[in-house]
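Asks: For reference, the file entry_27.pdb (PDB, C-alpha atoms (C1' of nucleotides)) is included below:
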ATOM      1  CA  MET P  19       0.000   0.000   0.000
ATOM      2  CA  LYS P  20       1.430   3.317  -1.059
ATOM      3  CA  THR P  21       0.646   6.606   0.653
ATOM      4  CA  LYS P  22       1.635   8.914  -2.124
ATOM      5  CA  ASP P  23      -1.092  11.471  -2.632
ATOM      6  CA  PRO P  24       0.642  14.783  -3.291
ATOM      7  CA  ALA P  25      -1.657  16.426  -0.782
ATOM      8  CA  LYS P  26      -1.740  16.018   2.957
ATOM      9  CA  ASP P  27       0.300  13.291   4.485
ATOM     10  CA  THR P  28       1.162  12.494   8.066
ATOM     11  CA  SER P  29       4.739  12.475   6.843
ATOM     12  CA  TYR P  30       7.471  14.691   8.187
ATOM     13  CA  LYS P  31       8.297  16.159   4.818
ATOM     14  CA  SER P  32       5.043  18.001   4.524
ATOM     15  CA  LYS P  33       4.656  19.166   8.118
ATOM     16  CA  LYS P  34       4.952  22.913   8.506
ATOM     17  CA  VAL P  35       7.174  23.292  11.520
ATOM     18  CA  ILE P  36      10.272  25.194  10.450
ATOM     19  CA  SER P  37      10.790  28.894  11.115
ATOM     20  CA  ILE P  38      12.179  31.261   8.510
ATOM     21  CA  GLY P  39      15.593  31.549  10.121
ATOM     22  CA  ILE P  40      16.199  27.835   9.698
ATOM     23  CA  VAL P  41      14.900  27.976   6.155
ATOM     24  CA  ARG P  42      17.412  30.733   5.496
ATOM     25  CA  GLU P  43      20.238  28.538   6.752
ATOM     26  CA  LEU P  44      19.079  25.464   4.865
ATOM     27  CA  THR P  45      18.458  27.177   1.544
ATOM     28  CA  GLY P  46      21.076  29.907   1.636
ATOM     29  CA  LEU P  47      18.421  32.413   0.640
ATOM     30  CA  SER P  48      17.782  35.684   2.449
ATOM     31  CA  GLU P  49      14.631  36.120   4.482
ATOM     32  CA  ARG P  50      13.716  38.873   2.082
ATOM     33  CA  GLN P  51      13.821  36.435  -0.813
ATOM     34  CA  ILE P  52      11.879  33.782   1.030
ATOM     35  CA  ARG P  53       9.125  36.221   1.913
ATOM     36  CA  TYR P  54       9.068  37.643  -1.560
ATOM     37  CA  TYR P  55       8.509  34.222  -3.123
ATOM     38  CA  GLU P  56       5.550  33.869  -0.830
ATOM     39  CA  GLU P  57       4.234  37.233  -1.947
ATOM     40  CA  ARG P  58       4.495  35.950  -5.528
ATOM     41  CA  LYS P  59       2.547  32.848  -4.499
ATOM     42  CA  LEU P  60       5.324  30.333  -5.026
ATOM     43  CA  VAL P  61       5.416  29.014  -1.461
ATOM     44  CA  PHE P  62       2.691  28.760   1.138
ATOM     45  CA  PRO P  63       3.924  28.627   4.711
ATOM     46  CA  GLU P  64       1.457  28.303   7.549
ATOM     47  CA  ARG P  65       1.358  30.767  10.414
ATOM     48  CA  SER P  66       1.569  30.456  14.146
ATOM     49  CA  LYS P  67      -1.024  32.219  16.255
ATOM     50  CA  GLY P  68       1.390  35.072  16.645
ATOM     51  CA  GLY P  69       1.936  35.300  12.922
ATOM     52  CA  THR P  70       5.348  33.702  12.448
ATOM     53  CA  ARG P  71       5.791  31.644   9.307
ATOM     54  CA  LYS P  72       6.146  27.867   9.442
ATOM     55  CA  TYR P  73       7.639  25.892   6.547
ATOM     56  CA  SER P  74       7.937  22.198   5.700
ATOM     57  CA  PHE P  75      10.890  20.313   4.270
ATOM     58  CA  ASP P  76       8.907  20.141   1.058
ATOM     59  CA  ASP P  77       8.759  23.918   1.084
ATOM     60  CA  ILE P  78      12.511  24.046   1.484
ATOM     61  CA  GLU P  79      13.077  21.785  -1.496
ATOM     62  CA  SER P  80      10.605  23.830  -3.436
ATOM     63  CA  LEU P  81      12.427  27.039  -2.525
ATOM     64  CA  MET P  82      15.711  25.666  -3.776
ATOM     65  CA  ASP P  83      14.128  24.798  -7.106
ATOM     66  CA  ILE P  84      12.669  28.275  -7.322
ATOM     67  CA  ALA P  85      16.004  29.846  -6.534
ATOM     68  CA  ASN P  86      17.653  27.870  -9.305
ATOM     69  CA  LYS P  87      15.089  28.934 -11.839
ATOM     70  CA  ILE P  88      15.408  32.563 -10.865
ATOM     71  CA  GLU P  89      19.150  32.317 -11.240
ATOM     72  CA  ASP P  90      18.485  31.049 -14.725
ATOM     73  CA  GLY P  91      16.548  34.203 -15.432
ATOM     74  CA  VAL P  92      13.065  32.767 -15.113
ATOM     75  CA  GLN P  93      10.607  35.279 -13.681
ATOM     76  CA  THR P  94       8.429  34.528 -10.672
ATOM     77  CA  TYR P  95       5.350  34.877 -12.824
ATOM     78  CA  GLU P  96       6.549  32.191 -15.198
ATOM     79  CA  ILE P  97       7.460  29.894 -12.350
ATOM     80  CA  ARG P  98       3.963  30.365 -11.044
ATOM     81  CA  GLN P  99       2.535  29.338 -14.394
ATOM     82  CA  GLU P 100       4.648  26.197 -14.437
ATOM     83  CA  MET P 101       3.354  25.318 -11.009
ATOM     84  CA  LYS P 102      -0.212  25.734 -12.135
ATOM     85  CA  LYS P 103       0.380  23.339 -14.980
ATOM     86  CA  GLU P 104       1.911  20.784 -12.675
ATOM     87  CA  LYS P 105      -1.101  21.052 -10.438
ATOM     88  CA  GLN P 106      -3.396  20.358 -13.368
ATOM     89  CA  GLN P 107      -1.273  17.348 -14.168
ATOM     90  CA  ASP P 108      -1.723  16.125 -10.635
ATOM     91  CA  TYR P 109      -5.458  16.550 -10.790
ATOM     92  CA  ARG P 110      -5.664  14.676 -14.065
ATOM     93  CA  SER P 111      -3.588  11.912 -12.606
ATOM     94  CA  ILE P 112      -5.775  11.640  -9.535
ATOM     95  CA  ARG P 113      -8.927  11.793 -11.581
ATOM     96  CA  ASN P 114      -7.667   8.935 -13.705
ATOM     97  CA  LYS P 115      -6.759   6.865 -10.713
ATOM     98  CA  MET P 116     -10.162   7.344  -9.157
ATOM     99  CA  LEU P 117     -11.847   6.511 -12.404
ATOM    100  CA  ARG P 118      -9.846   3.348 -12.712
ATOM    101  CA  GLY P 119     -10.810   2.532  -9.133
ATOM    102  CA  GLN P 120     -14.464   2.963  -9.967
ATOM    103  CA  LEU P 121     -14.186   0.720 -12.981
ATOM    104  CA  ASN P 122     -12.425  -1.951 -11.020
ATOM    105  CA  ALA P 123     -15.093  -1.795  -8.347
ATOM    106  CA  ARG P 124     -17.853  -2.410 -10.872
ATOM    107  CA  PHE P 125     -16.279  -4.670 -13.409
ATOM    108  CA  GLY P 126     -13.644  -6.427 -11.380
ATOM    109  CA  VAL P 127      -9.875  -6.377 -11.637
ATOM    110  CA  GLN P 128      -8.235  -6.692 -15.021
ATOM    111  CA  LYS P 129      -4.522  -6.428 -15.463
ATOM    112  CA  GLY P 130      -3.189  -3.721 -17.755
ATOM    113  CA  ILE P 131      -6.604  -2.981 -19.255
TER     114      ILE P 131
ATOM    115  CA  MET F 176      20.730  -0.641  -0.119
ATOM    116  CA  LYS F 177      19.490   0.431   3.277
ATOM    117  CA  THR F 178      20.535   3.687   4.977
ATOM    118  CA  LYS F 179      19.605   2.739   8.467
ATOM    119  CA  ASP F 180      22.457   3.597  10.768
ATOM    120  CA  PRO F 181      20.879   4.962  13.948
ATOM    121  CA  ALA F 182      23.322   7.854  13.855
ATOM    122  CA  LYS F 183      23.511  10.737  11.453
ATOM    123  CA  ASP F 184      21.420  10.577   8.353
ATOM    124  CA  THR F 185      20.625  13.169   5.733
ATOM    125  CA  SER F 186      17.022  12.318   6.496
ATOM    126  CA  TYR F 187      14.428  14.797   7.624
ATOM    127  CA  LYS F 188      13.579  12.864  10.757
ATOM    128  CA  SER F 189      16.892  13.528  12.373
ATOM    129  CA  LYS F 190      17.417  17.135  11.318
ATOM    130  CA  LYS F 191      17.279  19.571  14.208
ATOM    131  CA  VAL F 192      15.147  22.373  12.865
ATOM    132  CA  ILE F 193      12.112  22.691  15.118
ATOM    133  CA  SER F 194      11.759  25.334  17.806
ATOM    134  CA  ILE F 195      10.407  24.576  21.255
ATOM    135  CA  GLY F 196       7.043  26.215  20.647
ATOM    136  CA  ILE F 197       6.274  23.798  17.843
ATOM    137  CA  VAL F 198       7.502  20.896  19.934
ATOM    138  CA  ARG F 199       5.110  22.012  22.627
ATOM    139  CA  GLU F 200       2.214  21.925  20.178
ATOM    140  CA  LEU F 201       3.194  18.588  18.677
ATOM    141  CA  THR F 202       3.816  16.789  21.942
ATOM    142  CA  GLY F 203       1.324  18.497  24.197
ATOM    143  CA  LEU F 204       4.044  18.971  26.787
ATOM    144  CA  SER F 205       4.869  22.274  28.459
ATOM    145  CA  GLU F 206       8.072  24.078  27.611
ATOM    146  CA  ARG F 207       9.059  23.586  31.210
ATOM    147  CA  GLN F 208       8.776  19.849  30.825
ATOM    148  CA  ILE F 209      10.656  19.799  27.548
ATOM    149  CA  ARG F 210      13.533  21.794  28.995
ATOM    150  CA  TYR F 211      13.573  19.711  32.133
ATOM    151  CA  TYR F 212      13.960  16.478  30.178
ATOM    152  CA  GLU F 213      16.949  18.053  28.514
ATOM    153  CA  GLU F 214      18.388  18.944  31.902
ATOM    154  CA  ARG F 215      17.985  15.288  32.842
ATOM    155  CA  LYS F 216      19.807  14.308  29.654
ATOM    156  CA  LEU F 217      16.921  12.600  27.959
ATOM    157  CA  VAL F 218      16.847  14.803  24.858
ATOM    158  CA  PHE F 219      19.607  16.692  23.120
ATOM    159  CA  PRO F 220      18.460  19.616  21.026
ATOM    160  CA  GLU F 221      20.971  21.677  19.116
ATOM    161  CA  ARG F 222      21.238  25.420  19.548
ATOM    162  CA  SER F 223      21.102  28.340  17.189
ATOM    163  CA  LYS F 224      23.813  30.962  17.409
ATOM    164  CA  GLY F 225      21.502  32.983  19.592
ATOM    165  CA  GLY F 226      20.902  30.048  21.882
ATOM    166  CA  THR F 227      17.406  28.903  20.905
ATOM    167  CA  ARG F 228      16.827  25.172  20.983
ATOM    168  CA  LYS F 229      16.315  23.169  17.811
ATOM    169  CA  TYR F 230      14.673  19.746  17.828
ATOM    170  CA  SER F 231      14.204  16.987  15.263
ATOM    171  CA  PHE F 232      11.148  14.861  14.569
ATOM    172  CA  ASP F 233      13.044  12.034  16.184
ATOM    173  CA  ASP F 234      13.357  14.173  19.298
ATOM    174  CA  ILE F 235       9.629  14.737  19.257
ATOM    175  CA  GLU F 236       8.903  11.019  19.082
ATOM    176  CA  SER F 237      11.398  10.460  21.822
ATOM    177  CA  LEU F 238       9.736  13.097  23.986
ATOM    178  CA  MET F 239       6.376  11.428  23.638
ATOM    179  CA  ASP F 240       7.858   8.134  24.747
ATOM    180  CA  ILE F 241       9.447   9.838  27.707
ATOM    181  CA  ALA F 242       6.197  11.525  28.649
ATOM    182  CA  ASN F 243       4.419   8.181  28.623
ATOM    183  CA  LYS F 244       6.966   6.583  30.868
ATOM    184  CA  ILE F 245       6.812   9.438  33.325
ATOM    185  CA  GLU F 246       3.061   9.154  33.428
ATOM    186  CA  ASP F 247       3.608   5.530  34.330
ATOM    187  CA  GLY F 248       5.669   6.638  37.293
ATOM    188  CA  VAL F 249       9.088   5.951  35.832
ATOM    189  CA  GLN F 250      11.693   8.438  37.035
ATOM    190  CA  THR F 251      13.881  10.403  34.670
ATOM    191  CA  TYR F 252      16.941   8.693  36.089
ATOM    192  CA  GLU F 253      15.554   5.282  35.240
ATOM    193  CA  ILE F 254      14.599   6.376  31.748
ATOM    194  CA  ARG F 255      18.142   7.569  31.318
ATOM    195  CA  GLN F 256      19.449   4.154  32.326
ATOM    196  CA  GLU F 257      17.202   2.452  29.812
ATOM    197  CA  MET F 258      18.529   4.727  27.121
ATOM    198  CA  LYS F 259      22.077   3.883  27.991
ATOM    199  CA  LYS F 260      21.327   0.209  27.652
ATOM    200  CA  GLU F 261      19.724   0.739  24.272
ATOM    201  CA  LYS F 262      22.801   2.585  23.156
ATOM    202  CA  GLN F 263      24.985  -0.312  24.186
ATOM    203  CA  GLN F 264      22.730  -2.574  22.197
ATOM    204  CA  ASP F 265      23.206  -0.377  19.177
ATOM    205  CA  TYR F 266      26.956  -0.440  19.528
ATOM    206  CA  ARG F 267      26.995  -4.200  19.804
ATOM    207  CA  SER F 268      24.810  -4.451  16.759
ATOM    208  CA  ILE F 269      27.048  -2.170  14.743
ATOM    209  CA  ARG F 270      30.162  -3.940  15.924
ATOM    210  CA  ASN F 271      28.708  -7.222  14.788
ATOM    211  CA  LYS F 272      27.761  -5.873  11.420
ATOM    212  CA  MET F 273      31.208  -4.477  10.829
ATOM    213  CA  LEU F 274      32.782  -7.714  11.917
ATOM    214  CA  ARG F 275      30.622  -9.619   9.510
ATOM    215  CA  GLY F 276      31.624  -7.176   6.801
ATOM    216  CA  GLN F 277      35.270  -7.813   7.517
ATOM    217  CA  LEU F 278      34.807 -11.533   7.362
ATOM    218  CA  ASN F 279      32.968 -11.314   4.085
ATOM    219  CA  ALA F 280      35.689  -9.139   2.646
ATOM    220  CA  ARG F 281      38.347 -11.708   3.460
ATOM    221  CA  PHE F 282      36.609 -14.987   3.046
ATOM    222  CA  GLY F 283      33.963 -14.126   0.508
ATOM    223  CA  VAL F 284      30.208 -14.163   0.790
ATOM    224  CA  GLN F 285      28.484 -17.090   2.461
ATOM    225  CA  LYS F 286      24.782 -17.111   2.981
ATOM    226  CA  GLY F 287      23.502 -17.478   6.513
ATOM    227  CA  ILE F 288      26.872 -18.532   7.911
TER     228      ILE F 288
ATOM    229  C1'  DC I 284      11.502  42.791 -11.206
ATOM    230  C1'  DG I 285      13.968  41.049  -7.469
ATOM    231  C1'  DT I 286      16.469  42.221  -3.475
ATOM    232  C1'  DG I 287      18.889  45.003   0.308
ATOM    233  C1'  DT I 288      18.188  47.678   4.341
ATOM    234  C1'  DA I 289      16.903  50.542   8.484
ATOM    235  C1'  DA I 290      12.757  51.098  11.634
ATOM    236  C1'  DG I 291       9.714  50.002  15.210
ATOM    237  C1'  DG I 292       7.055  46.710  17.233
ATOM    238  C1'  DA I 293       5.410  42.147  18.489
ATOM    239  C1'  DA I 294       6.058  37.192  19.270
ATOM    240  C1'  DT I 295       9.196  33.690  20.852
ATOM    241  C1'  DT I 296      12.634  31.819  23.694
ATOM    242  C1'  DC I 297      16.136  31.855  27.458
ATOM    243  C1'  DT I 298      17.892  31.501  32.263
ATOM    244  C1'  DG I 299      17.714  31.377  37.258
ATOM    245  C1'  DA I 300      14.773  31.338  41.056
ATOM    246  C1'  DC I 301      10.925  30.548  44.210
ATOM    247  C1'  DA I 302       7.105  27.419  45.213
ATOM    248  C1'  DC I 303       4.773  22.977  46.127
ATOM    249  C1'  DG I 304       5.102  18.417  47.551
TER     250       DG I 304
ATOM    251  C1'  DC T  65      11.175  14.730  41.889
ATOM    252  C1'  DG T  66       8.715  16.941  38.388
ATOM    253  C1'  DT T  67       6.326  21.001  37.167
ATOM    254  C1'  DG T  68       4.103  25.794  37.381
ATOM    255  C1'  DT T  69       5.010  30.571  37.317
ATOM    256  C1'  DA T  70       6.491  35.562  37.326
ATOM    257  C1'  DA T  71      10.713  38.329  35.905
ATOM    258  C1'  DG T  72      13.783  40.534  32.925
ATOM    259  C1'  DG T  73      16.343  40.246  29.006
ATOM    260  C1'  DA T  74      17.825  38.658  24.503
ATOM    261  C1'  DA T  75      16.999  36.534  19.971
ATOM    262  C1'  DT T  76      13.754  36.013  16.269
ATOM    263  C1'  DT T  77      10.309  37.447  13.195
ATOM    264  C1'  DC T  78       6.903  40.715  11.166
ATOM    265  C1'  DT T  79       5.228  44.529   8.199
ATOM    266  C1'  DG T  80       5.514  48.590   5.296
ATOM    267  C1'  DA T  81       8.541  51.579   3.056
ATOM    268  C1'  DC T  82      12.430  53.574   0.560
ATOM    269  C1'  DA T  83      16.130  52.499  -2.670
ATOM    270  C1'  DC T  84      18.330  50.671  -6.901
ATOM    271  C1'  DG T  85      17.857  49.263 -11.442
TER     272       DG T  85
END
Could you write out this file's structure as structure tokens?

Replies:
Amino acid sequence: MKTKDPAKDTSYKSKKVISIGIVRELTGLSERQIRYYEERKLVFPERSKGGTRKYSFDDIESLMDIANKIEDGVQTYEIRQEMKKEKQQDYRSIRNKMLRGQLNARFGVQKGI
Amino acid sequence: MKTKDPAKDTSYKSKKVISIGIVRELTGLSERQIRYYEERKLVFPERSKGGTRKYSFDDIESLMDIANKIEDGVQTYEIRQEMKKEKQQDYRSIRNKMLRGQLNARFGVQKGI
DNA sequence: CGTGTAAGGAATTCTGACACG
DNA sequence: CGTGTAAGGAATTCTGACACG
């Protein structure tokens, strides 16, 4: 059994528990940059009650990818578009899986279709 | 290939990146308790340059175990003793593995011995 | 557009101590 | 022994703005 939905997971990688200072150390980015990428909707940290940002390890990986792209001259807007496309991909993939599940439920299991 | 040495690992579980406030939320313990268990040498957070404590997910799991034992009336000193024994176990286990490795290197691979 | 920085304030964390039991 | 708490200070983080390009 695989637990691989690219959504919520009890896993450590996706838990938002890391403060911005640590993210700065781990990514090498400045806090200014990290906050700016949030402003441009490229990362989505959670917030503590007091308002401090909390990131996950996934966020950190994501930030490093973003930083690389920006170094390559890609603009935040374009990166955002790429992300949207990936999300659509994910949805299609999930939709297909569910559909296949439905079919299996009604017509029984068939290997490879 | 398994990367399972109970020591340092590039894994997320063992990275010390979580501040005490988050640990409090995740474990349900008070900061007082968390710091006290450190004083009793049951957990070993790292420190930022400024001196703030940084915990790993492993630490959090460990803290929950500790909390359970204390609820059961086990004293911190006893818990510490248990931990020492476990560590000895680990060392023995590693020593054996290395020894086996040595033997294989010299006398070739034999299944099951 | 992406990033640095100084500014002022608020949230978070730290230590050592007193208290209770 | 294990934990709560008030105290004072230090480290961390936040936002909005000005600057450069």

Asks: Find the spatial neighbours of region 72-78 of chain T, counting all atoms listed in the file, within a cut-off of 10 Å - ignore same-chain residues fewer than 6 positions away - and output them as a CSV table (one decimal) with C-alpha atoms (C1' of nucleotides), in the frame of the given file.

Replies:
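As written to disk, out_17.csv reads:
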chain,number,residue,atom,x,y,z
P,37,SER,CA,10.8,28.9,11.1
P,38,ILE,CA,12.2,31.3,8.5
P,39,GLY,CA,15.6,31.5,10.1
P,49,GLU,CA,14.6,36.1,4.5
P,68,GLY,CA,1.4,35.1,16.6
P,69,GLY,CA,1.9,35.3,12.9
P,70,THR,CA,5.3,33.7,12.4
P,71,ARG,CA,5.8,31.6,9.3
F,223,SER,CA,21.1,28.3,17.2
F,224,LYS,CA,23.8,31.0,17.4
F,225,GLY,CA,21.5,33.0,19.6
F,226,GLY,CA,20.9,30.0,21.9
F,227,THR,CA,17.4,28.9,20.9
I,292,DG,C1',7.1,46.7,17.2
I,293,DA,C1',5.4,42.1,18.5
I,294,DA,C1',6.1,37.2,19.3
I,295,DT,C1',9.2,33.7,20.9
I,296,DT,C1',12.6,31.8,23.7
I,297,DC,C1',16.1,31.9,27.5
I,298,DT,C1',17.9,31.5,32.3

Asks: Excluding same-chain residues fewer than 4 positions from region 99-115 of chain P, what lies within 12 Å of it counting only C-alpha atoms (C1' of nucleotides), as a list in words?

Replies: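 Residues near the query, excluding close chain neighbours: Lys22, Asp23, Pro24, Ala25, Arg58, Lys59, Leu60, Val61, Ser80, Asp83, Ile84, Lys87, Val92, Gln93, Thr94, Tyr95, Gly119, Gln120, Leu121 and Asn122 of chain P.
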
Asks: Excluding same-chain residues fewer than 5 positions from Leu201 (chain F), what lies within 12 Å of it counting only C-alpha atoms (C1' of nucleotides), as an mmCIF file with C-alpha atoms, in the coordinates of the input?

Replies:
data_model
loop_
_atom_site.group_PDB
_atom_site.id
_atom_site.type_symbol
_atom_site.label_atom_id
_atom_site.label_comp_id
_atom_site.auth_asym_id
_atom_site.auth_seq_id
_atom_site.Cartn_x
_atom_site.Cartn_y
_atom_site.Cartn_z
ATOM 1 C CA TYR P 30 7.471 14.691 8.187
ATOM 2 C CA LYS P 33 4.656 19.166 8.118
ATOM 3 C CA LYS P 34 4.952 22.913 8.506
ATOM 4 C CA VAL P 35 7.174 23.292 11.520
ATOM 5 C CA ILE F 193 12.112 22.691 15.118
ATOM 6 C CA SER F 194 11.759 25.334 17.806
ATOM 7 C CA ILE F 195 10.407 24.576 21.255
ATOM 8 C CA GLY F 196 7.043 26.215 20.647
ATOM 9 C CA GLU F 206 8.072 24.078 27.611
ATOM 10 C CA ILE F 209 10.656 19.799 27.548
ATOM 11 C CA TYR F 230 14.673 19.746 17.828
ATOM 12 C CA SER F 231 14.204 16.987 15.263
ATOM 13 C CA PHE F 232 11.148 14.861 14.569
ATOM 14 C CA ASP F 234 13.357 14.173 19.298
ATOM 15 C CA ILE F 235 9.629 14.737 19.257
ATOM 16 C CA GLU F 236 8.903 11.019 19.082
ATOM 17 C CA SER F 237 11.398 10.460 21.822
ATOM 18 C CA LEU F 238 9.736 13.097 23.986
ATOM 19 C CA MET F 239 6.376 11.428 23.638
#

Asks: Rank nothing, just name the residue among P:Glu64, P:Asp76, P:Glu43, P:Glu89 nearest to chain I, using only C-alpha atoms (C1' of nucleotides).

Replies: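 Ranking P:Glu64, P:Asp76, P:Glu43, P:Glu89 by distance to chain I, first place goes to P:Glu89.
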
Asks: Once chain F sits on chain P after a least-squares Cα superposition, all atoms in order, what's the RMSD?

Replies: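 Here the C-alpha RMSD works out to 0.1 Å.
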
Asks: Please, what distance in Å, to one decimal, runs between CA of Pro63 (chain P) and C1' of DG80 (chain T)?

Replies: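 Between CA of Pro63 (chain P) and C1' of DG80 (chain T) the gap is 20.0 Å.
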
Asks: Could you jot down the CA of Ser186 (chain F) to CA of Arg42 (chain P) separation for me, Å, one decimal place?

Replies: 18.4 Å

Asks: Can you tell me how far C1' of DC303 (chain I) sits from CA of Gly248 (chain F), in Å to one decimal?

Replies: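 Between C1' of DC303 (chain I) and CA of Gly248 (chain F) the gap works out to 18.6 Å.
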